[in-house]
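S.K.: Sharing data_14.cif, mmCIF, C-alpha atoms:
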```
data_protein
loop_
_atom_site.label_atom_id
_atom_site.label_comp_id
_atom_site.auth_asym_id
_atom_site.auth_seq_id
_atom_site.Cartn_x
_atom_site.Cartn_y
_atom_site.Cartn_z
CA MET G 18 -7.30 4.53 -6.07
CA GLY G 19 -4.64 2.51 -7.82
CA ALA G 20 -1.18 1.86 -6.50
CA GLY G 21 0.04 5.11 -8.09
CA ARG G 22 -2.53 7.20 -6.29
CA ALA G 23 -1.90 5.15 -3.14
CA ALA G 24 1.75 6.22 -3.28
CA VAL G 25 0.72 9.86 -3.68
CA GLU G 26 -1.72 9.54 -0.78
CA TYR G 27 0.95 7.92 1.38
CA ARG G 28 3.37 10.78 0.71
CA ARG G 29 0.63 13.33 1.39
CA ARG G 30 -0.12 11.76 4.79
CA ALA G 31 3.60 11.69 5.57
CA GLU G 32 3.87 15.41 4.78
CA GLN G 33 0.81 16.25 6.85
CA HIS G 34 2.01 14.18 9.82
CA PRO G 35 5.82 14.36 9.75
CA TRP G 36 7.91 12.44 12.24
CA PRO G 37 9.18 13.70 14.52
CA PRO G 38 6.32 16.23 14.88
CA ARG G 39 7.31 19.87 14.63
CA TRP G 40 6.17 20.72 18.14
CA LEU G 41 8.76 18.28 19.54
CA ARG G 42 11.59 20.67 18.60
CA TRP G 43 10.58 22.91 21.50
CA PHE G 44 11.16 20.18 24.09
CA PRO G 45 15.00 20.40 24.39
CA PRO G 46 15.08 24.14 25.24
CA ALA G 47 12.01 23.75 27.45
CA LEU G 48 13.75 20.94 29.32
CA ILE G 49 16.84 23.12 29.83
CA VAL G 50 14.75 25.97 31.20
CA MET G 51 12.83 23.59 33.46
CA ALA G 52 16.03 22.05 34.84
CA LEU G 53 17.56 25.44 35.64
CA ALA G 54 14.29 26.75 37.10
CA LEU G 55 13.96 23.71 39.36
CA ASP G 56 17.57 24.09 40.42
CA GLU G 57 16.97 27.71 41.40
CA ALA G 58 13.63 27.09 43.10
CA THR G 59 14.74 24.19 45.30
CA PRO G 60 17.13 24.04 48.26
CA PRO G 61 20.86 23.56 47.50
CA ARG G 62 20.75 19.88 48.45
CA TYR G 63 18.60 19.27 45.36
CA PHE G 64 20.41 19.35 42.04
CA PHE G 65 18.68 19.03 38.65
CA GLY G 66 21.69 19.42 36.38
CA PRO G 67 21.43 15.84 35.01
CA LEU G 68 18.18 16.85 33.30
CA LEU G 69 20.30 18.83 30.86
CA SER G 70 21.67 15.56 29.47
CA ALA G 71 18.11 14.45 28.74
CA SER G 72 17.56 17.58 26.65
CA VAL G 73 20.61 16.72 24.52
CA VAL G 74 19.42 13.15 23.99
CA LEU G 75 15.99 14.43 22.95
CA ALA G 76 17.65 16.83 20.51
CA ILE G 77 18.98 13.84 18.53
CA PHE G 78 15.47 13.21 17.16
CA THR G 79 14.61 16.83 16.39
CA TYR G 80 17.76 18.73 15.40
CA PRO G 81 20.65 18.32 12.97
CA PRO G 82 24.10 17.55 14.43
CA LEU G 83 24.93 21.27 14.79
CA GLY G 84 21.68 21.81 16.69
CA VAL G 85 22.51 18.94 19.04
CA ALA G 86 25.95 20.42 19.71
CA VAL G 87 24.46 23.89 20.34
CA THR G 88 21.92 22.38 22.76
CA GLY G 89 24.70 20.70 24.76
CA ILE G 90 26.93 23.78 24.78
CA ALA G 91 24.00 26.00 25.79
CA GLY G 92 23.22 23.65 28.66
CA CYS G 93 26.83 23.77 29.90
CA VAL G 94 27.01 27.57 29.69
CA LEU G 95 23.67 28.13 31.39
CA LEU G 96 24.55 25.65 34.12
CA VAL G 97 27.84 27.43 34.86
CA LEU G 98 26.16 30.85 34.86
CA THR G 99 23.41 29.63 37.18
CA GLU G 100 25.90 28.18 39.64
CA GLN G 101 28.03 31.33 39.55
CA LEU G 102 25.02 33.41 40.49
CA GLU G 103 24.89 31.31 43.63
CA SER G 104 28.67 31.76 44.05
CA TYR G 105 29.12 28.03 44.34
CA ILE G 106 30.34 25.45 41.84
CA GLY G 107 30.49 22.17 43.71
CA PRO G 108 31.45 18.61 42.83
CA LEU G 109 27.95 17.84 41.56
CA THR G 110 28.22 20.72 39.11
CA VAL G 111 31.57 19.49 37.82
CA VAL G 112 30.25 15.96 37.43
CA ALA G 113 27.15 17.25 35.62
CA LEU G 114 29.32 19.29 33.22
CA VAL G 115 31.55 16.31 32.44
CA VAL G 116 28.55 14.03 31.88
CA LEU G 117 26.82 16.67 29.76
CA GLY G 118 29.91 17.15 27.61
CA PHE G 119 30.29 13.41 27.07
CA VAL G 120 26.58 12.98 26.29
CA THR G 121 26.72 15.90 23.85
CA LEU G 122 29.66 14.42 21.97
CA LEU G 123 28.00 11.00 21.80
CA SER G 124 24.66 12.52 20.76
CA VAL G 125 26.26 14.43 17.89
CA VAL G 126 27.75 11.18 16.58
CA LEU G 127 24.41 9.38 16.90
CA CYS G 128 22.64 12.24 15.16
CA VAL G 129 25.03 12.00 12.21
CA VAL G 130 24.35 8.26 11.99
CA ARG G 131 20.59 8.85 12.21
CA ARG G 132 20.55 11.40 9.40
CA ARG G 133 22.62 9.13 7.15
CA ALA G 134 20.18 6.30 7.81
CA GLU G 135 17.25 8.60 6.99
CA ARG G 136 18.81 9.65 3.69
CA ARG G 137 19.46 6.02 2.82
CA PHE G 138 15.88 5.12 3.73
CA ARG G 139 14.47 7.92 1.55
CA ARG G 140 16.52 6.74 -1.41
CA VAL G 141 15.38 3.15 -0.92
CA GLN G 142 11.77 4.31 -0.54
CA ALA G 143 11.97 6.32 -3.77
CA VAL G 144 13.30 3.29 -5.64
CA ALA G 145 10.60 1.06 -4.12
CA GLU G 146 7.84 3.47 -5.13
CA ALA G 147 9.23 3.65 -8.68
CA VAL G 148 9.20 -0.15 -8.92
CA GLN G 149 5.71 -0.37 -7.49
CA LEU G 150 4.35 2.25 -9.87
CA ALA G 151 5.96 0.45 -12.80
CA LEU G 152 4.05 -2.71 -11.84
CA LEU G 153 0.68 -1.26 -10.86
CA ARG G 154 0.17 1.83 -12.96
CA PRO G 155 -2.56 4.33 -12.04
CA LEU G 156 -5.89 3.50 -13.60
CA PRO G 157 -7.04 5.92 -16.33
CA ALA G 158 -10.50 7.44 -15.94
CA ARG G 159 -11.28 6.27 -19.47
CA ILE G 160 -9.64 3.80 -21.80
CA GLY G 161 -11.06 3.00 -25.22
CA PRO G 162 -14.82 2.52 -24.95
CA LEU G 163 -14.76 2.14 -21.15
CA ARG G 164 -14.98 4.28 -18.08
CA VAL G 165 -12.74 2.84 -15.37
CA ALA G 166 -12.40 3.43 -11.64
CA GLY G 167 -10.97 1.39 -8.82
CA PHE G 168 -8.91 1.28 -5.68
CA TYR G 169 -6.09 -0.81 -4.32
CA ARG G 170 -5.07 -1.22 -0.71
CA ALA G 171 -2.23 -3.46 0.39
CA ALA G 172 -2.46 -5.27 3.70
CA ASP G 173 0.86 -3.62 4.55
CA ASP G 174 0.20 0.13 4.27
CA GLU G 175 3.91 0.86 4.11
CA ALA G 176 4.37 -1.43 1.10
CA LEU G 177 1.76 0.09 -1.27
CA ILE G 178 1.74 -3.17 -3.17
CA GLY G 179 1.01 -6.73 -2.14
CA GLY G 180 -0.36 -9.95 -3.54
CA ASP G 181 -3.25 -8.48 -5.53
CA LEU G 182 -2.67 -7.29 -9.08
CA TYR G 183 -4.31 -5.62 -12.02
CA SER G 184 -3.45 -4.43 -15.50
CA VAL G 185 -5.56 -2.72 -18.15
CA ARG G 186 -4.20 -2.67 -21.70
CA PRO G 187 -5.63 -1.47 -25.04
CA THR G 188 -4.76 -4.10 -27.64
CA PRO G 189 -5.59 -4.85 -31.29
CA PHE G 190 -8.17 -7.33 -29.96
CA GLY G 191 -9.92 -4.85 -27.64
CA VAL G 192 -9.27 -3.59 -24.13
CA ARG G 193 -7.86 -6.47 -22.11
CA VAL G 194 -7.80 -6.65 -18.34
CA ILE G 195 -6.41 -8.94 -15.70
CA VAL G 196 -7.40 -8.76 -12.04
CA GLY G 197 -5.83 -11.36 -9.81
CA ASP G 198 -4.45 -12.49 -6.50
CA VAL G 199 -1.21 -14.43 -6.20
CA LYS G 200 -0.44 -16.89 -3.44
CA GLY G 201 0.70 -15.00 -0.38
CA LYS G 202 0.36 -11.32 0.47
CA GLY G 203 2.44 -8.28 1.15
CA ILE G 204 5.98 -7.72 -0.07
CA GLY G 205 6.71 -11.45 -0.26
CA ALA G 206 4.26 -11.82 -3.16
CA THR G 207 5.68 -8.98 -5.25
CA GLN G 208 7.94 -11.22 -7.33
CA THR G 209 5.02 -13.34 -8.52
CA VAL G 210 2.97 -10.20 -9.16
CA ALA G 211 5.76 -8.90 -11.39
CA THR G 212 5.83 -12.17 -13.35
CA VAL G 213 2.08 -12.23 -13.94
CA ILE G 214 1.74 -8.56 -14.90
CA SER G 215 4.77 -8.40 -17.19
CA THR G 216 3.75 -11.62 -18.96
CA PHE G 217 0.16 -10.45 -19.36
CA GLN G 218 1.18 -7.07 -20.78
CA GLU G 219 3.25 -8.77 -23.45
CA ALA G 220 0.94 -11.66 -24.22
CA ALA G 221 -2.18 -9.46 -24.39
CA LEU G 222 -0.70 -7.64 -27.38
CA LEU G 223 0.38 -10.77 -29.25
CA HIS G 224 -2.16 -13.56 -28.74
CA PRO G 225 -5.62 -13.36 -30.31
CA THR G 226 -7.52 -15.26 -27.59
CA LEU G 227 -7.69 -15.05 -23.80
CA PRO G 228 -6.90 -18.77 -23.30
CA GLN G 229 -3.65 -18.24 -25.20
CA VAL G 230 -2.81 -15.29 -22.94
CA ALA G 231 -3.53 -17.42 -19.89
CA ASP G 232 -1.36 -20.23 -21.29
CA ARG G 233 1.54 -17.82 -21.61
CA ILE G 234 1.15 -16.77 -17.96
CA ASP G 235 0.98 -20.45 -16.98
CA VAL G 236 4.33 -21.04 -18.65
CA ALA G 237 5.91 -18.03 -16.93
CA LEU G 238 4.73 -19.18 -13.50
CA GLU G 239 5.95 -22.70 -14.17
CA LEU G 240 9.38 -21.30 -15.06
CA ASP G 241 9.44 -19.36 -11.79
CA ARG G 242 8.41 -22.48 -9.92
CA ASP G 243 11.05 -24.67 -11.54
CA ASN G 244 13.79 -22.04 -11.33
CA PRO G 245 13.34 -20.11 -8.08
CA VAL G 246 15.55 -17.03 -7.80
CA GLU G 247 15.38 -16.54 -4.06
CA PRO G 248 18.69 -15.12 -2.78
CA VAL G 249 20.76 -17.52 -0.70
CA PRO G 250 22.75 -16.03 2.19
CA PRO G 251 26.47 -16.92 2.22
CA THR G 252 26.08 -18.83 5.48
CA GLN G 253 23.23 -20.91 4.11
CA PRO G 254 23.81 -24.04 1.98
CA ALA G 255 23.07 -23.59 -1.70
CA SER G 256 20.60 -26.47 -1.82
CA PRO G 257 17.00 -25.35 -1.16
CA SER G 258 15.29 -26.49 1.99
CA ALA G 259 12.13 -28.57 2.08
CA ASP G 260 10.08 -25.46 2.95
CA ASP G 261 11.48 -23.56 -0.05
CA VAL G 262 10.62 -26.44 -2.37
CA ALA G 263 7.11 -26.62 -0.96
CA GLN G 264 6.57 -22.89 -1.48
CA ALA G 265 7.87 -23.09 -5.05
CA ASP G 266 5.54 -25.99 -5.81
CA GLU G 267 2.59 -23.88 -4.61
CA LEU G 268 3.29 -20.91 -6.88
CA PHE G 269 -0.02 -19.88 -8.46
CA ALA G 270 -2.39 -16.95 -8.94
CA THR G 271 -6.15 -16.76 -9.17
CA ALA G 272 -7.21 -14.32 -11.87
CA VAL G 273 -10.00 -13.21 -14.13
CA LEU G 274 -9.10 -12.10 -17.65
CA LEU G 275 -11.44 -9.78 -19.55
CA GLU G 276 -11.58 -8.68 -23.17
CA PHE G 277 -13.93 -5.82 -24.05
CA SER G 278 -14.99 -5.37 -27.64
CA SER G 279 -13.98 -2.26 -29.56
CA ASP G 280 -17.38 -0.62 -28.91
CA GLY G 281 -17.68 -1.84 -25.32
CA GLY G 282 -20.89 -3.69 -26.12
CA ALA G 283 -19.58 -7.12 -25.15
CA VAL G 284 -17.02 -8.68 -22.86
CA ARG G 285 -15.29 -12.04 -22.94
CA ILE G 286 -14.44 -13.52 -19.55
CA LEU G 287 -11.92 -16.19 -18.63
CA ASP G 288 -12.09 -17.18 -14.97
CA ARG G 289 -9.02 -18.92 -13.57
CA GLY G 290 -10.13 -19.62 -10.02
CA HIS G 291 -10.91 -16.01 -9.10
CA GLN G 292 -13.84 -14.36 -7.33
CA PRO G 293 -16.99 -14.15 -9.50
CA LEU G 294 -17.61 -10.82 -11.22
CA LEU G 295 -20.55 -8.64 -10.24
CA ALA G 296 -22.65 -6.76 -12.78
CA VAL G 297 -24.82 -3.73 -12.07
CA ARG G 298 -27.61 -3.80 -14.64
CA GLY G 299 -30.13 -1.05 -15.41
CA ARG G 300 -30.22 2.66 -14.71
CA THR G 301 -33.61 3.42 -13.16
CA ALA G 302 -33.60 0.44 -10.79
CA PRO G 303 -30.06 -1.04 -10.79
CA VAL G 304 -29.76 -4.70 -9.93
CA VAL G 305 -26.49 -6.23 -8.73
CA GLU G 306 -26.08 -9.79 -9.98
CA VAL G 307 -23.34 -12.40 -10.11
CA VAL G 308 -21.84 -13.07 -13.53
CA GLU G 309 -21.88 -16.80 -14.16
CA THR G 310 -18.70 -18.16 -15.75
CA GLU G 311 -16.85 -21.45 -15.99
CA HIS G 312 -14.68 -21.68 -12.90
CA SER G 313 -11.28 -23.21 -13.60
CA LEU G 314 -7.97 -23.84 -11.84
CA PRO G 315 -5.71 -20.88 -11.01
CA LEU G 316 -2.89 -19.72 -13.24
CA GLY G 317 0.25 -21.77 -12.71
CA MET G 318 -1.69 -25.05 -12.49
CA ALA G 319 -2.03 -25.74 -16.21
CA ASP G 320 -0.42 -29.16 -15.78
CA LEU G 321 -3.49 -30.22 -13.76
CA LEU G 322 -6.04 -29.08 -16.34
CA LEU G 323 -7.79 -31.81 -18.32
CA ASP G 324 -9.28 -29.37 -20.86
CA HIS G 325 -8.71 -25.72 -21.60
CA PRO G 326 -11.40 -23.61 -19.90
CA ASP G 327 -13.81 -21.82 -22.20
CA THR G 328 -14.42 -18.10 -22.22
CA ALA G 329 -17.85 -16.72 -21.44
CA GLU G 330 -19.26 -13.85 -23.49
CA ARG G 331 -21.67 -11.30 -22.08
CA ALA G 332 -23.44 -8.38 -23.72
CA LEU G 333 -23.15 -4.99 -22.04
CA GLU G 334 -25.49 -2.02 -22.26
CA PRO G 335 -24.24 1.59 -21.93
CA GLY G 336 -25.44 1.78 -18.31
CA ASP G 337 -24.03 -1.55 -17.12
CA ILE G 338 -21.09 -1.73 -14.73
CA LEU G 339 -18.83 -4.74 -14.35
CA VAL G 340 -17.00 -5.07 -11.01
CA ALA G 341 -13.89 -7.21 -10.53
CA TYR G 342 -12.45 -7.65 -7.04
CA SER G 343 -10.25 -9.85 -4.89
CA ASP G 344 -11.10 -12.11 -1.98
CA GLY G 345 -9.68 -9.47 0.36
CA VAL G 346 -12.98 -7.62 -0.10
CA THR G 347 -15.36 -10.48 0.66
CA GLU G 348 -13.16 -11.86 3.45
CA ALA G 349 -12.82 -8.56 5.30
CA ARG G 350 -14.21 -9.04 8.79
CA SER G 351 -16.03 -6.62 11.03
CA ARG G 352 -15.24 -6.32 14.74
CA THR G 353 -17.79 -9.07 15.36
CA GLY G 354 -16.13 -11.40 12.84
CA THR G 355 -18.77 -11.02 10.10
CA PHE G 356 -17.57 -11.18 6.50
CA TYR G 357 -18.24 -8.19 4.28
CA PRO G 358 -21.45 -8.80 2.27
CA LEU G 359 -20.27 -7.24 -0.99
CA ARG G 360 -23.28 -7.88 -3.19
CA GLU G 361 -25.79 -6.77 -0.56
CA ARG G 362 -23.86 -3.58 0.26
CA LEU G 363 -23.55 -2.64 -3.40
CA GLN G 364 -27.24 -3.28 -3.94
CA ALA G 365 -28.10 -1.07 -0.97
CA TYR G 366 -25.90 1.68 -2.40
CA CYS G 367 -27.54 1.41 -5.83
CA ASP G 368 -31.02 1.52 -4.27
CA THR G 369 -30.29 4.72 -2.35
CA ALA G 370 -28.02 6.54 -4.85
CA ALA G 371 -29.41 9.98 -5.76
CA GLU G 372 -27.61 10.01 -9.12
CA PRO G 373 -27.02 7.34 -11.78
CA VAL G 374 -24.44 4.86 -10.55
CA SER G 375 -20.98 5.38 -12.05
CA PRO G 376 -17.72 3.44 -11.69
CA ALA G 377 -16.13 6.29 -9.71
CA GLY G 378 -19.09 6.63 -7.36
CA LEU G 379 -19.38 2.87 -6.90
CA THR G 380 -15.72 2.31 -6.04
CA THR G 381 -15.58 5.41 -3.82
CA PHE G 382 -18.51 4.07 -1.83
CA LEU G 383 -17.01 0.61 -1.67
CA GLN G 384 -13.64 1.88 -0.47
CA GLY G 385 -15.18 3.98 2.32
CA ASP G 386 -17.75 1.35 3.30
CA LEU G 387 -15.11 -1.37 3.46
CA ALA G 388 -12.88 0.82 5.65
CA ARG G 389 -15.79 1.38 8.05
CA TRP G 390 -16.71 -2.32 8.07
CA ALA G 391 -13.16 -3.60 8.64
CA PRO G 392 -10.76 -0.86 9.86
CA ALA G 393 -7.89 -3.38 10.01
CA LEU G 394 -7.54 -5.47 6.86
CA GLY G 395 -5.82 -8.83 7.02
CA ASP G 396 -5.38 -9.19 3.25
CA ASP G 397 -4.74 -7.07 0.19
CA VAL G 398 -7.84 -5.50 -1.35
CA ILE G 399 -8.63 -4.53 -4.92
CA ALA G 400 -11.82 -3.55 -6.73
CA ILE G 401 -12.15 -2.16 -10.26
CA ALA G 402 -15.35 -1.12 -12.07
CA PHE G 403 -15.80 -0.93 -15.85
CA GLN G 404 -18.64 0.76 -17.71
CA PRO G 405 -19.21 1.11 -21.47
CA THR G 406 -19.32 4.77 -22.45
CA ALA G 407 -22.62 6.23 -23.51
CA GLY G 408 -23.37 7.51 -26.98
CA PRO G 409 -22.92 11.19 -27.90
CA GLY G 410 -26.47 12.14 -26.94
CA GLU G 411 -26.31 10.37 -23.59
CA GLN G 412 -22.89 11.90 -22.85
CA ALA G 413 -24.36 15.37 -23.40
CA GLN G 414 -27.16 14.63 -20.94
CA ALA G 415 -24.64 13.31 -18.38
CA ARG G 416 -22.80 16.67 -18.48
#
```
Represent the structure contained in this file as structure tokens.
M.R.:
Amino acid sequence: MGAGRAAVEYRRRAEQHPWPPRWLRWFPPALIVMALALDEATPPRYFFGPLLSASVVLAIFTYPPLGVAVTGIAGCVLLVLTEQLESYIGPLTVVALVVLGFVTLLSVVLCVVRRRAERRFRRVQAVAEAVQLALLRPLPARIGPLRVAGFYRAADDEALIGGDLYSVRPTPFGVRVIVGDVKGKGIGATQTVATVISTFQEAALLHPTLPQVADRIDVALELDRDNPVEPVPPTQPASPSADDVAQADELFATAVLLEFSSDGGAVRILDRGHQPLLAVRGRTAPVVEVVETEHSLPLGMADLLLDHPDTAERALEPGDILVAYSDGVTEARSRTGTFYPLRERLQAYCDTAAEPVSPAGLTTFLQGDLARWAPALGDDVIAIAFQPTAGPGEQAQAR
């Protein structure tokens, strides 16, 4: 599930579990009835009129301003009628009515403020989701000669996007992919994610080799590092602090860049300090193995490179699956503190799978298994699987 589907899933959960819950709307009238019933059932020296004020306060979270006002007015009317039935309206009743009227007026004002804040929050959330979807677009089920499936989960569930990134682009040079992890996590890393993805999407279409694409991203990160655009509050001096300078100097992103050939039979890999790829080879007895590549420095550290890293080329068969992921997967801890054994868990899944392993099935298993292993994630998580499409005869058998 990419960031786009994560946003849809987030909205679906919000609709299924709205806040405040619908059953809470029955509490204000129930509290009014309970207060009046207690007042009638107890001796005169006991007075439960102040409970009516609590019903009005509770109505702030469940009703619109008119509903809050009606709740307060209904409480006043019912209190007066109840006391008249007893032919006695004493000082406590008068005090309760004054307090209830004041609380009602104040609650209506607070309810108006609350609803304005909610509308503002919904507008901001809609804008944030639009920005997030523009950065991390939903993964297509198929692109060019590849089947694709994956999922993305930010460490901050409310954010939908964090420090991990991906982009899949068809280009004149083949399908190009970047899967990476910028320094930091959560919302604070979004700016760097935007720089890496936007630069990759442009450079992937223009430059004929992956090292040239990586060089272009290096330049973009260096520009961000040398010209930070962090907002400065009016009360803060314009000169950056030592901490800000240190953070800017550490701006980098680990990433793996892939280039699949036009027929999907080969892939070129450029590893810039990222987690090693995993390959699932074979159909009858799948074997999960680590893809060996030249490990280099992360993107944004080109000034420390002595030589440009070389790309590795690997042949792919129609049944092979290539899995790219972030360190959030392998560093996810169980309740006992054990790291998630990615390769072993994938191998166990392949050994017990009743059907041929597919990218969708593999990533669905991984997403569920990871959630069971580490219910609370401390880092952003991403995993994407790529598989060359089968020939026409094999596709017919798969149907």
S.K.: So which residues get picked by the PyMOL selection byres ((chain G and resi 68) around 12) here, written as a PyMOL selection string?
M.R.: chain G and resi 45-56+64-67+69-75+89+92-93+96+113-114+116-117+120
S.K.: I need the residue nearest G:Arg298 from this list: G:Pro373, G:Pro187, G:Gly118, G:Pro326. Use all atoms listed in the file for the distance.
M.R.: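 Closest residue, counting all atoms listed in the file: G:Pro373.
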S.K.: Could you spell out the hits of the PyMOL selection byres ((chain G and resi 360) around 10) on the shown file, as a PDB file with C-alpha atoms, keeping the file's coordinate frame?
M.R.:
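So the final result, stored in out.pdb, reads:
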```
ATOM      1  CA  LEU G 295     -20.550  -8.640 -10.240  1.00  0.00           C
ATOM      2  CA  ALA G 296     -22.650  -6.760 -12.780  1.00  0.00           C
ATOM      3  CA  VAL G 297     -24.820  -3.730 -12.070  1.00  0.00           C
ATOM      4  CA  VAL G 304     -29.760  -4.700  -9.930  1.00  0.00           C
ATOM      5  CA  VAL G 305     -26.490  -6.230  -8.730  1.00  0.00           C
ATOM      6  CA  GLU G 306     -26.080  -9.790  -9.980  1.00  0.00           C
ATOM      7  CA  VAL G 307     -23.340 -12.400 -10.110  1.00  0.00           C
ATOM      8  CA  THR G 347     -15.360 -10.480   0.660  1.00  0.00           C
ATOM      9  CA  TYR G 357     -18.240  -8.190   4.280  1.00  0.00           C
ATOM     10  CA  PRO G 358     -21.450  -8.800   2.270  1.00  0.00           C
ATOM     11  CA  LEU G 359     -20.270  -7.240  -0.990  1.00  0.00           C
ATOM     12  CA  GLU G 361     -25.790  -6.770  -0.560  1.00  0.00           C
ATOM     13  CA  ARG G 362     -23.860  -3.580   0.260  1.00  0.00           C
ATOM     14  CA  LEU G 363     -23.550  -2.640  -3.400  1.00  0.00           C
ATOM     15  CA  GLN G 364     -27.240  -3.280  -3.940  1.00  0.00           C
ATOM     16  CA  ALA G 365     -28.100  -1.070  -0.970  1.00  0.00           C
ATOM     17  CA  TYR G 366     -25.900   1.680  -2.400  1.00  0.00           C
TER      18      TYR G 366
END
```
S.K.: One decimal, in Å: what's the spacing between atom CA of G:Ala283 and atom CA of G:Arg300?
M.R.: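 If I compute the distance from atom CA of G:Ala283 to atom CA of G:Arg300, I get 17.8 Å.
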S.K.: Take atom CA of G:Lys200 and atom CA of G:Leu153 and report the distance between them in Å, one decimal.
M.R.: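 Taking atom CA of G:Lys200 as the start and atom CA of G:Leu153 as the end point, the length is 17.3 Å.
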S.K.: Once the PyMOL selection byres ((chain G and resi 293) around 9) has been applied to the shown file, what residues remain in the selection, as a PyMOL selection string?
M.R.: chain G and resi 273+288+290-292+294-295+307-310+312+341-342
S.K.: Just the selected residues (C-alpha atoms), exported as a short mmCIF file (atom, residue, chain, number, x, y, z; two decimals), in the frame of the given file, please.
M.R.:
```cif
data_model
loop_
_atom_site.label_atom_id
_atom_site.label_comp_id
_atom_site.auth_asym_id
_atom_site.auth_seq_id
_atom_site.Cartn_x
_atom_site.Cartn_y
_atom_site.Cartn_z
CA VAL G 273 -10.00 -13.21 -14.13
CA ASP G 288 -12.09 -17.18 -14.97
CA GLY G 290 -10.13 -19.62 -10.02
CA HIS G 291 -10.91 -16.01 -9.10
CA GLN G 292 -13.84 -14.36 -7.33
CA LEU G 294 -17.61 -10.82 -11.22
CA LEU G 295 -20.55 -8.64 -10.24
CA VAL G 307 -23.34 -12.40 -10.11
CA VAL G 308 -21.84 -13.07 -13.53
CA GLU G 309 -21.88 -16.80 -14.16
CA THR G 310 -18.70 -18.16 -15.75
CA HIS G 312 -14.68 -21.68 -12.90
CA ALA G 341 -13.89 -7.21 -10.53
CA TYR G 342 -12.45 -7.65 -7.04
#
```
S.K.: Let me make sure I understand: among G:Ser343, G:Ser278, G:Ser124, G:Ser313, which one has the smallest atom-to-atom distance to G:Pro228 if we use all atoms listed in the file?
M.R.: G:Ser313
S.K.: Please report the interatomic distance between atom CA of G:Ser184 and atom CA of G:Val196 in Å with one decimal.
M.R.: 6.8 Å
S.K.: My list of candidates is G:Pro81, G:Gly180, G:Gly191, G:Gly299. Which is closest to G:Pro162 when distances are computed with all atoms listed in the file?
M.R.: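 Looking at the shortest contact to G:Pro162, the residue is G:Gly191.
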S.K.: Distance table requested - stretch 119-185 of chain G against stretch 391-401 of chain G, cut-off 7 Å, all atoms listed in the file: one row per qualifying residue with the closest atom pair and its distance in Å to one decimal, ordered by chain and rising residue number, as CSV.
M.R.:
```
residue,atom,partner,partner_atom,distance
G:Ala166,CA,G:Ile401,CA,5.8
G:Gly167,CA,G:Ile401,CA,4.0
G:Phe168,CA,G:Ala400,CA,5.7
G:Tyr169,CA,G:Ile399,CA,4.5
G:Arg170,CA,G:Val398,CA,5.1
G:Ala171,CA,G:Asp397,CA,4.4
G:Ala172,CA,G:Asp397,CA,4.6
G:Gly179,CA,G:Asp397,CA,6.2
G:Gly180,CA,G:Asp397,CA,6.4
G:Asp181,CA,G:Asp397,CA,6.1
```
S.K.: Could you please take those selected residues and save C-alpha atoms as an mmCIF file, keeping the file's coordinate frame?
M.R.:
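The file below, selection_7.cif, is the result:
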```cif
data_model
loop_
_atom_site.group_PDB
_atom_site.id
_atom_site.type_symbol
_atom_site.label_atom_id
_atom_site.label_comp_id
_atom_site.auth_asym_id
_atom_site.auth_seq_id
_atom_site.Cartn_x
_atom_site.Cartn_y
_atom_site.Cartn_z
ATOM 1 C CA ALA G 166 -12.400 3.430 -11.640
ATOM 2 C CA GLY G 167 -10.970 1.390 -8.820
ATOM 3 C CA PHE G 168 -8.910 1.280 -5.680
ATOM 4 C CA TYR G 169 -6.090 -0.810 -4.320
ATOM 5 C CA ARG G 170 -5.070 -1.220 -0.710
ATOM 6 C CA ALA G 171 -2.230 -3.460 0.390
ATOM 7 C CA ALA G 172 -2.460 -5.270 3.700
ATOM 8 C CA GLY G 179 1.010 -6.730 -2.140
ATOM 9 C CA GLY G 180 -0.360 -9.950 -3.540
ATOM 10 C CA ASP G 181 -3.250 -8.480 -5.530
#
```
S.K.: Give as a JSON list (two decimals) with C-alpha atoms, in the frame of the given file each residue that has an atom at most 7 Å from (-12.6, 3.7, -16.0) in the file, counting only C-alpha atoms.
M.R.:
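As written to disk, result_36.json reads:
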```json
[["chain", "number", "residue", "atom", "x", "y", "z"],
["G", 157, "PRO", "CA", -7.04, 5.92, -16.33],
["G", 158, "ALA", "CA", -10.50, 7.44, -15.94],
["G", 159, "ARG", "CA", -11.28, 6.27, -19.47],
["G", 160, "ILE", "CA", -9.64, 3.80, -21.80],
["G", 163, "LEU", "CA", -14.76, 2.14, -21.15],
["G", 164, "ARG", "CA", -14.98, 4.28, -18.08],
["G", 165, "VAL", "CA", -12.74, 2.84, -15.37],
["G", 166, "ALA", "CA", -12.40, 3.43, -11.64],
["G", 376, "PRO", "CA", -17.72, 3.44, -11.69],
["G", 402, "ALA", "CA", -15.35, -1.12, -12.07],
["G", 403, "PHE", "CA", -15.80, -0.93, -15.85],
["G", 404, "GLN", "CA", -18.64, 0.76, -17.71]]
```
S.K.: With all atoms listed in the file as the counted atoms, please give the residues lying no more than 12 Å from G:Glu372, apart from itself and same-chain residues fewer than 6 positions off, as an NGL selection string.
M.R.: :G and (300-303 or 366 or 378-379 or 415)
S.K.: Output as a tab-separated table one row per residue of stretch 106-159 of chain G within 10 Å of stretch 97-100 of chain G: the closest atom pair and its distance in Å to one decimal place, counting all atoms listed in the file, sorted by chain and residue number ascending.
M.R.:
```
residue	atom	partner	partner_atom	distance
G:Ile106	CA	G:Glu100	CA	5.7
G:Gly107	CA	G:Glu100	CA	8.6
G:Thr110	CA	G:Glu100	CA	7.8
G:Val111	CA	G:Val97	CA	9.3
G:Leu114	CA	G:Val97	CA	8.4
```
S.K.: In terms of the shortest atom-to-atom distance over only C-alpha atoms, which of G:Asp232, G:Val194, G:Gly336, G:His224 is closest to G:Val284?
M.R.: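 With only C-alpha atoms as the atom set, the closest residue is G:Val194.
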